[in-house]
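Participant: The structure file query-v6.cif (mmCIF, N, CA and C atoms) is provided below.
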data_model
#
loop_
_atom_site.label_atom_id
_atom_site.label_comp_id
_atom_site.auth_asym_id
_atom_site.auth_seq_id
_atom_site.Cartn_x
_atom_site.Cartn_y
_atom_site.Cartn_z
N MET D 1 0.81 -1.17 0.00
CA MET D 1 0.00 0.00 0.00
C MET D 1 0.86 1.25 0.00
N ALA D 2 0.36 2.16 -0.69
CA ALA D 2 1.12 3.41 -0.76
C ALA D 2 0.73 4.29 0.39
N GLU D 3 1.74 4.96 0.89
CA GLU D 3 1.44 5.85 2.01
C GLU D 3 0.78 7.12 1.50
N GLY D 4 -0.13 7.67 2.32
CA GLY D 4 -0.79 8.91 1.97
C GLY D 4 -2.16 8.69 1.34
N HIS D 5 -2.41 7.46 0.95
CA HIS D 5 -3.74 7.19 0.40
C HIS D 5 -4.59 6.54 1.49
N PRO D 6 -5.77 7.13 1.79
CA PRO D 6 -6.63 6.52 2.81
C PRO D 6 -7.23 5.21 2.30
N VAL D 7 -7.41 4.31 3.22
CA VAL D 7 -8.01 3.02 2.89
C VAL D 7 -9.53 3.19 2.98
N ARG D 8 -10.24 2.79 1.92
CA ARG D 8 -11.69 2.90 1.91
C ARG D 8 -12.30 1.57 2.32
N ARG D 9 -13.16 1.64 3.24
CA ARG D 9 -13.86 0.43 3.66
C ARG D 9 -15.30 0.52 3.16
N THR D 10 -15.78 -0.57 2.66
CA THR D 10 -17.20 -0.62 2.31
C THR D 10 -17.91 -1.31 3.46
N GLU D 11 -18.69 -0.54 4.15
CA GLU D 11 -19.39 -1.07 5.31
C GLU D 11 -20.82 -1.39 4.93
N ALA D 12 -21.20 -2.61 5.10
CA ALA D 12 -22.57 -3.03 4.84
C ALA D 12 -23.24 -3.26 6.18
N GLY D 13 -24.56 -3.00 6.24
CA GLY D 13 -25.29 -3.21 7.48
C GLY D 13 -26.15 -2.00 7.80
N PHE D 14 -26.68 -2.00 9.01
CA PHE D 14 -27.58 -0.95 9.44
C PHE D 14 -26.97 -0.22 10.62
N THR D 15 -27.32 1.05 10.70
CA THR D 15 -26.88 1.80 11.86
C THR D 15 -27.90 1.61 12.97
N LEU D 16 -27.52 1.98 14.15
CA LEU D 16 -28.42 1.85 15.30
C LEU D 16 -29.65 2.73 15.11
N VAL D 17 -29.50 3.91 14.54
CA VAL D 17 -30.63 4.82 14.31
C VAL D 17 -31.62 4.18 13.34
N GLU D 18 -31.13 3.57 12.27
CA GLU D 18 -32.02 2.92 11.31
C GLU D 18 -32.80 1.78 11.97
N LEU D 19 -32.14 1.00 12.78
CA LEU D 19 -32.82 -0.08 13.49
C LEU D 19 -33.88 0.45 14.45
N MET D 20 -33.59 1.54 15.14
CA MET D 20 -34.56 2.11 16.08
C MET D 20 -35.79 2.63 15.32
N VAL D 21 -35.59 3.24 14.16
CA VAL D 21 -36.72 3.73 13.36
C VAL D 21 -37.59 2.56 12.92
N VAL D 22 -37.00 1.48 12.48
CA VAL D 22 -37.75 0.30 12.06
C VAL D 22 -38.54 -0.28 13.24
N ILE D 23 -37.93 -0.35 14.40
CA ILE D 23 -38.61 -0.87 15.59
C ILE D 23 -39.81 -0.01 15.95
N VAL D 24 -39.68 1.31 15.84
CA VAL D 24 -40.81 2.21 16.13
C VAL D 24 -41.95 1.96 15.15
N PHE D 25 -41.65 1.82 13.87
CA PHE D 25 -42.69 1.55 12.88
C PHE D 25 -43.38 0.22 13.14
N ILE D 26 -42.63 -0.79 13.48
CA ILE D 26 -43.22 -2.10 13.80
C ILE D 26 -44.11 -2.00 15.04
N ALA D 27 -43.66 -1.27 16.06
CA ALA D 27 -44.46 -1.11 17.28
C ALA D 27 -45.78 -0.39 16.99
N ILE D 28 -45.74 0.63 16.15
CA ILE D 28 -46.98 1.35 15.78
C ILE D 28 -47.93 0.40 15.06
N GLY D 29 -47.41 -0.43 14.16
CA GLY D 29 -48.25 -1.39 13.45
C GLY D 29 -48.88 -2.41 14.38
N VAL D 30 -48.11 -2.91 15.33
CA VAL D 30 -48.63 -3.90 16.28
C VAL D 30 -49.70 -3.27 17.16
N LEU D 31 -49.51 -2.04 17.59
CA LEU D 31 -50.53 -1.36 18.41
C LEU D 31 -51.81 -1.15 17.62
N ALA D 32 -51.68 -0.78 16.36
CA ALA D 32 -52.88 -0.60 15.52
C ALA D 32 -53.63 -1.92 15.37
N LEU D 33 -52.91 -3.00 15.14
CA LEU D 33 -53.57 -4.31 15.01
C LEU D 33 -54.24 -4.75 16.30
N SER D 34 -53.63 -4.47 17.43
CA SER D 34 -54.26 -4.85 18.70
C SER D 34 -55.52 -4.03 18.94
N GLY D 35 -55.54 -2.77 18.52
CA GLY D 35 -56.75 -1.95 18.64
C GLY D 35 -57.87 -2.49 17.78
N VAL D 36 -57.54 -2.91 16.57
CA VAL D 36 -58.55 -3.50 15.68
C VAL D 36 -59.09 -4.79 16.27
N GLN D 37 -58.22 -5.60 16.83
CA GLN D 37 -58.65 -6.86 17.43
C GLN D 37 -59.59 -6.62 18.60
N THR D 38 -59.27 -5.66 19.46
CA THR D 38 -60.13 -5.35 20.60
C THR D 38 -61.49 -4.87 20.14
N HIS D 39 -61.51 -3.99 19.14
CA HIS D 39 -62.78 -3.48 18.62
C HIS D 39 -63.58 -4.61 17.98
N SER D 40 -62.93 -5.50 17.25
CA SER D 40 -63.62 -6.63 16.62
C SER D 40 -64.22 -7.55 17.66
N TYR D 41 -63.49 -7.81 18.74
CA TYR D 41 -64.00 -8.68 19.80
C TYR D 41 -65.27 -8.08 20.41
N LYS D 42 -65.27 -6.78 20.65
CA LYS D 42 -66.45 -6.13 21.22
C LYS D 42 -67.63 -6.22 20.26
N ASP D 43 -67.39 -6.02 18.96
CA ASP D 43 -68.47 -6.12 17.98
C ASP D 43 -69.05 -7.53 17.91
N VAL D 44 -68.20 -8.53 17.97
CA VAL D 44 -68.68 -9.92 17.93
C VAL D 44 -69.52 -10.22 19.17
N TYR D 45 -69.08 -9.75 20.34
CA TYR D 45 -69.81 -9.96 21.58
C TYR D 45 -71.18 -9.29 21.52
N THR D 46 -71.22 -8.04 21.06
CA THR D 46 -72.47 -7.29 20.96
C THR D 46 -73.42 -7.97 19.97
N THR D 47 -72.90 -8.38 18.83
CA THR D 47 -73.72 -9.05 17.83
C THR D 47 -74.27 -10.37 18.36
N GLY D 48 -73.48 -11.09 19.13
CA GLY D 48 -73.94 -12.35 19.72
C GLY D 48 -75.09 -12.13 20.68
N ARG D 49 -75.00 -11.10 21.50
CA ARG D 49 -76.10 -10.81 22.44
C ARG D 49 -77.35 -10.39 21.69
N ARG D 50 -77.20 -9.57 20.66
CA ARG D 50 -78.36 -9.14 19.87
C ARG D 50 -78.99 -10.34 19.16
N THR D 51 -78.18 -11.25 18.67
CA THR D 51 -78.70 -12.44 18.01
C THR D 51 -79.49 -13.31 18.98
N ARG D 52 -78.97 -13.48 20.21
CA ARG D 52 -79.71 -14.26 21.22
C ARG D 52 -81.03 -13.58 21.58
N ALA D 53 -81.05 -12.26 21.66
CA ALA D 53 -82.28 -11.53 21.96
C ALA D 53 -83.29 -11.68 20.82
N LEU D 54 -82.81 -11.60 19.59
CA LEU D 54 -83.70 -11.77 18.44
C LEU D 54 -84.27 -13.18 18.38
N GLU D 55 -83.45 -14.15 18.72
CA GLU D 55 -83.93 -15.54 18.74
C GLU D 55 -85.01 -15.73 19.80
N LEU D 56 -84.84 -15.11 20.96
CA LEU D 56 -85.86 -15.18 22.01
C LEU D 56 -87.15 -14.51 21.54
N ALA D 57 -87.05 -13.37 20.88
CA ALA D 57 -88.24 -12.67 20.37
C ALA D 57 -88.96 -13.52 19.32
N LYS D 58 -88.19 -14.14 18.43
CA LYS D 58 -88.81 -15.02 17.42
C LYS D 58 -89.50 -16.20 18.08
N GLN D 59 -88.89 -16.75 19.12
CA GLN D 59 -89.48 -17.89 19.82
C GLN D 59 -90.81 -17.49 20.47
N GLN D 60 -90.86 -16.32 21.11
CA GLN D 60 -92.10 -15.88 21.75
C GLN D 60 -93.17 -15.55 20.72
N ALA D 61 -92.78 -14.97 19.59
CA ALA D 61 -93.75 -14.69 18.52
C ALA D 61 -94.31 -16.00 17.97
N GLU D 62 -93.47 -17.00 17.84
CA GLU D 62 -93.92 -18.30 17.34
C GLU D 62 -94.88 -18.97 18.33
N ILE D 63 -94.65 -18.79 19.62
CA ILE D 63 -95.58 -19.33 20.62
C ILE D 63 -96.95 -18.69 20.46
N ALA D 64 -96.99 -17.36 20.29
CA ALA D 64 -98.27 -16.66 20.09
C ALA D 64 -98.93 -17.13 18.79
N ARG D 65 -98.14 -17.32 17.74
CA ARG D 65 -98.67 -17.77 16.46
C ARG D 65 -99.25 -19.18 16.60
N THR D 66 -98.57 -20.04 17.35
CA THR D 66 -99.04 -21.41 17.55
C THR D 66 -100.33 -21.44 18.36
N ASP D 67 -100.43 -20.53 19.35
CA ASP D 67 -101.66 -20.45 20.15
C ASP D 67 -102.85 -20.06 19.29
N GLY D 68 -102.61 -19.30 18.26
CA GLY D 68 -103.68 -18.93 17.32
C GLY D 68 -104.33 -17.60 17.67
N TYR D 69 -105.16 -17.18 16.74
CA TYR D 69 -105.82 -15.88 16.83
C TYR D 69 -106.62 -15.71 18.11
N LEU D 70 -107.41 -16.69 18.48
CA LEU D 70 -108.30 -16.55 19.64
C LEU D 70 -107.56 -16.73 20.97
N ASN D 71 -106.46 -17.45 20.98
CA ASN D 71 -105.78 -17.77 22.24
C ASN D 71 -104.51 -16.96 22.50
N ALA D 72 -104.14 -16.05 21.60
CA ALA D 72 -102.94 -15.24 21.81
C ALA D 72 -103.22 -14.25 22.94
N VAL D 73 -102.36 -14.26 23.96
CA VAL D 73 -102.56 -13.39 25.12
C VAL D 73 -101.26 -12.66 25.45
N PRO D 74 -101.38 -11.50 26.09
CA PRO D 74 -100.16 -10.80 26.53
C PRO D 74 -99.40 -11.66 27.53
N ASP D 75 -98.08 -11.57 27.50
CA ASP D 75 -97.26 -12.39 28.37
C ASP D 75 -95.93 -11.67 28.59
N SER D 76 -95.20 -12.10 29.60
CA SER D 76 -93.87 -11.54 29.84
C SER D 76 -93.05 -12.54 30.64
N GLY D 77 -91.75 -12.34 30.65
CA GLY D 77 -90.89 -13.23 31.39
C GLY D 77 -89.44 -12.78 31.28
N GLN D 78 -88.58 -13.58 31.85
CA GLN D 78 -87.15 -13.27 31.82
C GLN D 78 -86.36 -14.55 31.58
N VAL D 79 -85.35 -14.44 30.73
CA VAL D 79 -84.44 -15.54 30.45
C VAL D 79 -83.03 -14.97 30.55
N GLY D 80 -82.32 -15.34 31.61
CA GLY D 80 -80.97 -14.80 31.80
C GLY D 80 -81.00 -13.29 31.94
N VAL D 81 -80.24 -12.59 31.12
CA VAL D 81 -80.19 -11.12 31.18
C VAL D 81 -81.29 -10.48 30.34
N TYR D 82 -82.07 -11.28 29.64
CA TYR D 82 -83.10 -10.77 28.74
C TYR D 82 -84.48 -10.81 29.39
N SER D 83 -85.23 -9.72 29.28
CA SER D 83 -86.64 -9.75 29.69
C SER D 83 -87.48 -9.49 28.44
N TRP D 84 -88.58 -10.22 28.32
CA TRP D 84 -89.42 -10.10 27.14
C TRP D 84 -90.85 -9.80 27.53
N HIS D 85 -91.53 -9.09 26.65
CA HIS D 85 -92.93 -8.70 26.86
C HIS D 85 -93.67 -8.91 25.53
N THR D 86 -94.76 -9.63 25.61
CA THR D 86 -95.59 -9.86 24.43
C THR D 86 -96.89 -9.09 24.61
N ALA D 87 -97.23 -8.24 23.64
CA ALA D 87 -98.48 -7.49 23.65
C ALA D 87 -99.35 -7.99 22.50
N VAL D 88 -100.64 -8.10 22.76
CA VAL D 88 -101.59 -8.54 21.73
C VAL D 88 -102.66 -7.46 21.62
N ASP D 89 -102.78 -6.88 20.42
CA ASP D 89 -103.74 -5.79 20.19
C ASP D 89 -104.60 -6.10 18.97
N SER D 90 -105.90 -5.83 19.10
CA SER D 90 -106.80 -5.98 17.97
C SER D 90 -106.57 -4.80 17.02
N VAL D 91 -106.37 -5.11 15.74
CA VAL D 91 -106.09 -4.04 14.77
C VAL D 91 -107.13 -4.00 13.66
N GLY D 92 -108.14 -4.77 13.79
CA GLY D 92 -109.20 -4.77 12.78
C GLY D 92 -110.03 -6.03 12.92
N ILE D 93 -111.05 -6.10 12.12
CA ILE D 93 -111.92 -7.26 12.17
C ILE D 93 -111.15 -8.48 11.68
N GLY D 94 -110.98 -9.45 12.56
CA GLY D 94 -110.31 -10.69 12.21
C GLY D 94 -108.79 -10.64 12.29
N PHE D 95 -108.21 -9.57 12.84
CA PHE D 95 -106.76 -9.47 12.94
C PHE D 95 -106.33 -9.03 14.33
N VAL D 96 -105.26 -9.63 14.83
CA VAL D 96 -104.61 -9.13 16.05
C VAL D 96 -103.13 -8.94 15.72
N GLN D 97 -102.56 -7.94 16.35
CA GLN D 97 -101.14 -7.66 16.19
C GLN D 97 -100.41 -8.16 17.42
N VAL D 98 -99.41 -8.99 17.22
CA VAL D 98 -98.58 -9.51 18.30
C VAL D 98 -97.24 -8.79 18.24
N THR D 99 -96.89 -8.11 19.33
CA THR D 99 -95.62 -7.38 19.40
C THR D 99 -94.80 -7.99 20.53
N VAL D 100 -93.58 -8.43 20.20
CA VAL D 100 -92.68 -9.00 21.20
C VAL D 100 -91.48 -8.08 21.32
N ASN D 101 -91.25 -7.56 22.53
CA ASN D 101 -90.08 -6.74 22.83
C ASN D 101 -89.15 -7.53 23.75
N VAL D 102 -87.88 -7.53 23.44
CA VAL D 102 -86.87 -8.15 24.29
C VAL D 102 -85.89 -7.06 24.69
N ASP D 103 -85.71 -6.87 26.02
CA ASP D 103 -84.84 -5.83 26.56
C ASP D 103 -83.68 -6.45 27.31
N TRP D 104 -82.54 -5.76 27.30
CA TRP D 104 -81.36 -6.14 28.09
C TRP D 104 -80.45 -4.94 28.18
N ASN D 105 -79.51 -5.00 29.10
CA ASN D 105 -78.53 -3.92 29.25
C ASN D 105 -77.18 -4.39 28.71
N GLU D 106 -76.54 -3.50 28.00
CA GLU D 106 -75.22 -3.80 27.45
C GLU D 106 -74.29 -2.65 27.83
N SER D 107 -73.34 -2.93 28.69
CA SER D 107 -72.38 -1.92 29.16
C SER D 107 -73.11 -0.72 29.76
N GLY D 108 -74.18 -0.98 30.51
CA GLY D 108 -74.93 0.09 31.17
C GLY D 108 -75.90 0.81 30.26
N SER D 109 -76.01 0.38 29.02
CA SER D 109 -76.91 1.02 28.06
C SER D 109 -78.06 0.07 27.73
N PRO D 110 -79.32 0.53 27.85
CA PRO D 110 -80.44 -0.36 27.54
C PRO D 110 -80.52 -0.65 26.04
N GLN D 111 -80.78 -1.91 25.72
CA GLN D 111 -80.91 -2.36 24.33
C GLN D 111 -82.27 -3.03 24.16
N GLN D 112 -82.76 -3.06 22.92
CA GLN D 112 -84.06 -3.68 22.67
C GLN D 112 -84.15 -4.17 21.24
N VAL D 113 -84.80 -5.31 21.06
CA VAL D 113 -85.23 -5.77 19.74
C VAL D 113 -86.73 -5.98 19.79
N GLN D 114 -87.37 -5.83 18.64
CA GLN D 114 -88.82 -5.93 18.59
C GLN D 114 -89.24 -6.70 17.33
N ILE D 115 -90.23 -7.56 17.52
CA ILE D 115 -90.83 -8.29 16.39
C ILE D 115 -92.33 -8.01 16.43
N VAL D 116 -92.88 -7.69 15.27
CA VAL D 116 -94.32 -7.44 15.16
C VAL D 116 -94.87 -8.42 14.14
N ASP D 117 -95.99 -9.07 14.48
CA ASP D 117 -96.60 -10.06 13.62
C ASP D 117 -98.12 -9.88 13.64
N LEU D 118 -98.78 -10.25 12.57
CA LEU D 118 -100.24 -10.20 12.50
C LEU D 118 -100.78 -11.63 12.47
N LEU D 119 -101.85 -11.84 13.23
CA LEU D 119 -102.55 -13.12 13.21
C LEU D 119 -103.96 -12.87 12.70
N SER D 120 -104.46 -13.77 11.89
CA SER D 120 -105.81 -13.60 11.37
C SER D 120 -106.73 -14.68 11.95
N ALA D 121 -108.02 -14.43 11.82
CA ALA D 121 -109.02 -15.34 12.36
C ALA D 121 -109.05 -16.65 11.57
N ARG D 122 -108.60 -16.67 10.38
CA ARG D 122 -108.64 -17.90 9.58
C ARG D 122 -107.44 -18.76 9.80
#
Let's see the structure in the file written out as structure tokens.
Facilitator:
Amino acid sequence: MAEGHPVRRTEAGFTLVELMVVIVFIAIGVLALSGVQTHSYKDVYTTGRRTRALELAKQQAEIARTDGYLNAVPDSGQVGVYSWHTAVDSVGIGFVQVTVNVDWNESGSPQQVQIVDLLSAR
């Protein structure tokens, strides 16, 4: 080697600053994904409770339908966290309207589903 000429090194790799920037970006991505997962879990839970309430309302409406036009009567009850109320109203000659409301609380907020059906004298 000749004196006076600097030796050039080709350095391959990453600096510590570059690695820290990549780690920050990965951490932000992981936090975003965990937020989406938490929100999705809450939505699935809420949808499951609403589905169970709707199923209970359909079951009570079917009971009124099975009883028939002359025997459909107002009723109420409770199943777990759900309370249901069936109302029967005359809406015309030969028709009654059966309304089933199912109520429950979700995170301190009252929720409700409702099914309305008509029964005829025939």
Participant: For Ala57 of chain D, which residue among D:Ile93, D:Ile115, D:Val73, D:Ile26 is the nearest when counting only N, CA and C atoms?
Facilitator: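 Smallest distance to Ala57 of chain D is found for D:Ile115.
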Participant: Please indicate the distance in Å from atom CA of Gly48 of chain D to atom CA of Ala64 of chain D, rounded to one decimal place.
Facilitator: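 If I compute the distance from atom CA of Gly48 of chain D to atom CA of Ala64 of chain D, I get 24.7 Å.
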Participant: Calculated over only N, CA and C atoms, which of the candidates D:Gly80, D:Thr51, D:Ala61, D:Asp67 has the smallest distance to Val98 of chain D?
Facilitator: D:Ala61
Participant: Write out as a ChimeraX atom specification the set of residues from chain D that DSSP, computed on the backbone, places in strand (DSSP E).
Facilitator: /D:75-79,82-92,95-106,109-120
Participant: Find the axis-aligned box for segment 59-78 of chain D, covering all its listed atoms and adding 4 Å on each side, and write its centre and edge lengths in Å to one decimal as lines of an AutoDock Vina configuration file.
Facilitator:
center_x = -97.3
center_y = -16.1
center_z = 24.2
size_x = 29.9
size_y = 18.6
size_z = 23.4
Participant: What does the structure give for the distance between atom CA of Gln59 of chain D and atom CA of Gln111 of chain D, in Å to one decimal?
Facilitator: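 About the pair atom CA of Gln59 of chain D and atom CA of Gln111 of chain D: they are 18.3 Å apart.
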Participant: Going by the chain IDs and residue numbers used in this file, which residues fall under the PyMOL selection byres ((chain D and resi 116) around 6.5)? Write them as a PyMOL selection string.
Facilitator: chain D and resi 97-100+114-115+117-118
Participant: Atom C of Pro110 of chain D and atom CA of Val79 of chain D, how far apart in Å?
Facilitator: 16.0 Å
Participant: Might you spell out which residues the PyMOL selection byres (((chain D and resi 56 and name CA) around 12) and name CA) would select in the displayed file, as an MDAnalysis selection string?
Facilitator: chainID D and resid 49:55 57:63 76:86 100:104 112:115
Participant: Apply DSSP to the structure's backbone, then extract all residues of chain D labelled helix (DSSP H, G or I) and return them as a PyMOL selection string.
Facilitator: chain D and resi 16-67
Participant: Just N, CA and C atoms for this one: save the residues we selected as a compact mmCIF listing (two decimals), keeping the file's coordinate frame.
Facilitator:
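Saved file again09.txt follows:
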# COMPACT_ATOMS: atom_id res chain seq x y z
N LEU D 16 -27.52 1.98 14.15
CA LEU D 16 -28.42 1.85 15.30
C LEU D 16 -29.65 2.73 15.11
N VAL D 17 -29.50 3.91 14.54
CA VAL D 17 -30.63 4.82 14.31
C VAL D 17 -31.62 4.18 13.34
N GLU D 18 -31.13 3.57 12.27
CA GLU D 18 -32.02 2.92 11.31
C GLU D 18 -32.80 1.78 11.97
N LEU D 19 -32.14 1.00 12.78
CA LEU D 19 -32.82 -0.08 13.49
C LEU D 19 -33.88 0.45 14.45
N MET D 20 -33.59 1.54 15.14
CA MET D 20 -34.56 2.11 16.08
C MET D 20 -35.79 2.63 15.32
N VAL D 21 -35.59 3.24 14.16
CA VAL D 21 -36.72 3.73 13.36
C VAL D 21 -37.59 2.56 12.92
N VAL D 22 -37.00 1.48 12.48
CA VAL D 22 -37.75 0.30 12.06
C VAL D 22 -38.54 -0.28 13.24
N ILE D 23 -37.93 -0.35 14.40
CA ILE D 23 -38.61 -0.87 15.59
C ILE D 23 -39.81 -0.01 15.95
N VAL D 24 -39.68 1.31 15.84
CA VAL D 24 -40.81 2.21 16.13
C VAL D 24 -41.95 1.96 15.15
N PHE D 25 -41.65 1.82 13.87
CA PHE D 25 -42.69 1.55 12.88
C PHE D 25 -43.38 0.22 13.14
N ILE D 26 -42.63 -0.79 13.48
CA ILE D 26 -43.22 -2.10 13.80
C ILE D 26 -44.11 -2.00 15.04
N ALA D 27 -43.66 -1.27 16.06
CA ALA D 27 -44.46 -1.11 17.28
C ALA D 27 -45.78 -0.39 16.99
N ILE D 28 -45.74 0.63 16.15
CA ILE D 28 -46.98 1.35 15.78
C ILE D 28 -47.93 0.40 15.06
N GLY D 29 -47.41 -0.43 14.16
CA GLY D 29 -48.25 -1.39 13.45
C GLY D 29 -48.88 -2.41 14.38
N VAL D 30 -48.11 -2.91 15.33
CA VAL D 30 -48.63 -3.90 16.28
C VAL D 30 -49.70 -3.27 17.16
N LEU D 31 -49.51 -2.04 17.59
CA LEU D 31 -50.53 -1.36 18.41
C LEU D 31 -51.81 -1.15 17.62
N ALA D 32 -51.68 -0.78 16.36
CA ALA D 32 -52.88 -0.60 15.52
C ALA D 32 -53.63 -1.92 15.37
N LEU D 33 -52.91 -3.00 15.14
CA LEU D 33 -53.57 -4.31 15.01
C LEU D 33 -54.24 -4.75 16.30
N SER D 34 -53.63 -4.47 17.43
CA SER D 34 -54.26 -4.85 18.70
C SER D 34 -55.52 -4.03 18.94
N GLY D 35 -55.54 -2.77 18.52
CA GLY D 35 -56.75 -1.95 18.64
C GLY D 35 -57.87 -2.49 17.78
N VAL D 36 -57.54 -2.91 16.57
CA VAL D 36 -58.55 -3.50 15.68
C VAL D 36 -59.09 -4.79 16.27
N GLN D 37 -58.22 -5.60 16.83
CA GLN D 37 -58.65 -6.86 17.43
C GLN D 37 -59.59 -6.62 18.60
N THR D 38 -59.27 -5.66 19.46
CA THR D 38 -60.13 -5.35 20.60
C THR D 38 -61.49 -4.87 20.14
N HIS D 39 -61.51 -3.99 19.14
CA HIS D 39 -62.78 -3.48 18.62
C HIS D 39 -63.58 -4.61 17.98
N SER D 40 -62.93 -5.50 17.25
CA SER D 40 -63.62 -6.63 16.62
C SER D 40 -64.22 -7.55 17.66
N TYR D 41 -63.49 -7.81 18.74
CA TYR D 41 -64.00 -8.68 19.80
C TYR D 41 -65.27 -8.08 20.41
N LYS D 42 -65.27 -6.78 20.65
CA LYS D 42 -66.45 -6.13 21.22
C LYS D 42 -67.63 -6.22 20.26
N ASP D 43 -67.39 -6.02 18.96
CA ASP D 43 -68.47 -6.12 17.98
C ASP D 43 -69.05 -7.53 17.91
N VAL D 44 -68.20 -8.53 17.97
CA VAL D 44 -68.68 -9.92 17.93
C VAL D 44 -69.52 -10.22 19.17
N TYR D 45 -69.08 -9.75 20.34
CA TYR D 45 -69.81 -9.96 21.58
C TYR D 45 -71.18 -9.29 21.52
N THR D 46 -71.22 -8.04 21.06
CA THR D 46 -72.47 -7.29 20.96
C THR D 46 -73.42 -7.97 19.97
N THR D 47 -72.90 -8.38 18.83
CA THR D 47 -73.72 -9.05 17.83
C THR D 47 -74.27 -10.37 18.36
N GLY D 48 -73.48 -11.09 19.13
CA GLY D 48 -73.94 -12.35 19.72
C GLY D 48 -75.09 -12.13 20.68
N ARG D 49 -75.00 -11.10 21.50
CA ARG D 49 -76.10 -10.81 22.44
C ARG D 49 -77.35 -10.39 21.69
N ARG D 50 -77.20 -9.57 20.66
CA ARG D 50 -78.36 -9.14 19.87
C ARG D 50 -78.99 -10.34 19.16
N THR D 51 -78.18 -11.25 18.67
CA THR D 51 -78.70 -12.44 18.01
C THR D 51 -79.49 -13.31 18.98
N ARG D 52 -78.97 -13.48 20.21
CA ARG D 52 -79.71 -14.26 21.22
C ARG D 52 -81.03 -13.58 21.58
N ALA D 53 -81.05 -12.26 21.66
CA ALA D 53 -82.28 -11.53 21.96
C ALA D 53 -83.29 -11.68 20.82
N LEU D 54 -82.81 -11.60 19.59
CA LEU D 54 -83.70 -11.77 18.44
C LEU D 54 -84.27 -13.18 18.38
N GLU D 55 -83.45 -14.15 18.72
CA GLU D 55 -83.93 -15.54 18.74
C GLU D 55 -85.01 -15.73 19.80
N LEU D 56 -84.84 -15.11 20.96
CA LEU D 56 -85.86 -15.18 22.01
C LEU D 56 -87.15 -14.51 21.54
N ALA D 57 -87.05 -13.37 20.88
CA ALA D 57 -88.24 -12.67 20.37
C ALA D 57 -88.96 -13.52 19.32
N LYS D 58 -88.19 -14.14 18.43
CA LYS D 58 -88.81 -15.02 17.42
C LYS D 58 -89.50 -16.20 18.08
N GLN D 59 -88.89 -16.75 19.12
CA GLN D 59 -89.48 -17.89 19.82
C GLN D 59 -90.81 -17.49 20.47
N GLN D 60 -90.86 -16.32 21.11
CA GLN D 60 -92.10 -15.88 21.75
C GLN D 60 -93.17 -15.55 20.72
N ALA D 61 -92.78 -14.97 19.59
CA ALA D 61 -93.75 -14.69 18.52
C ALA D 61 -94.31 -16.00 17.97
N GLU D 62 -93.47 -17.00 17.84
CA GLU D 62 -93.92 -18.30 17.34
C GLU D 62 -94.88 -18.97 18.33
N ILE D 63 -94.65 -18.79 19.62
CA ILE D 63 -95.58 -19.33 20.62
C ILE D 63 -96.95 -18.69 20.46
N ALA D 64 -96.99 -17.36 20.29
CA ALA D 64 -98.27 -16.66 20.09
C ALA D 64 -98.93 -17.13 18.79
N ARG D 65 -98.14 -17.32 17.74
CA ARG D 65 -98.67 -17.77 16.46
C ARG D 65 -99.25 -19.18 16.60
N THR D 66 -98.57 -20.04 17.35
CA THR D 66 -99.04 -21.41 17.55
C THR D 66 -100.33 -21.44 18.36
N ASP D 67 -100.43 -20.53 19.35
CA ASP D 67 -101.66 -20.45 20.15
C ASP D 67 -102.85 -20.06 19.29
Participant: May I ask which of the residues D:Asp75, D:Asp89, D:Glu106, D:Glu18 is the closest one to Thr46 of chain D, counting only C-alpha atoms?
Facilitator: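 Of the candidates, the smallest distance to Thr46 of chain D is held by D:Glu106.
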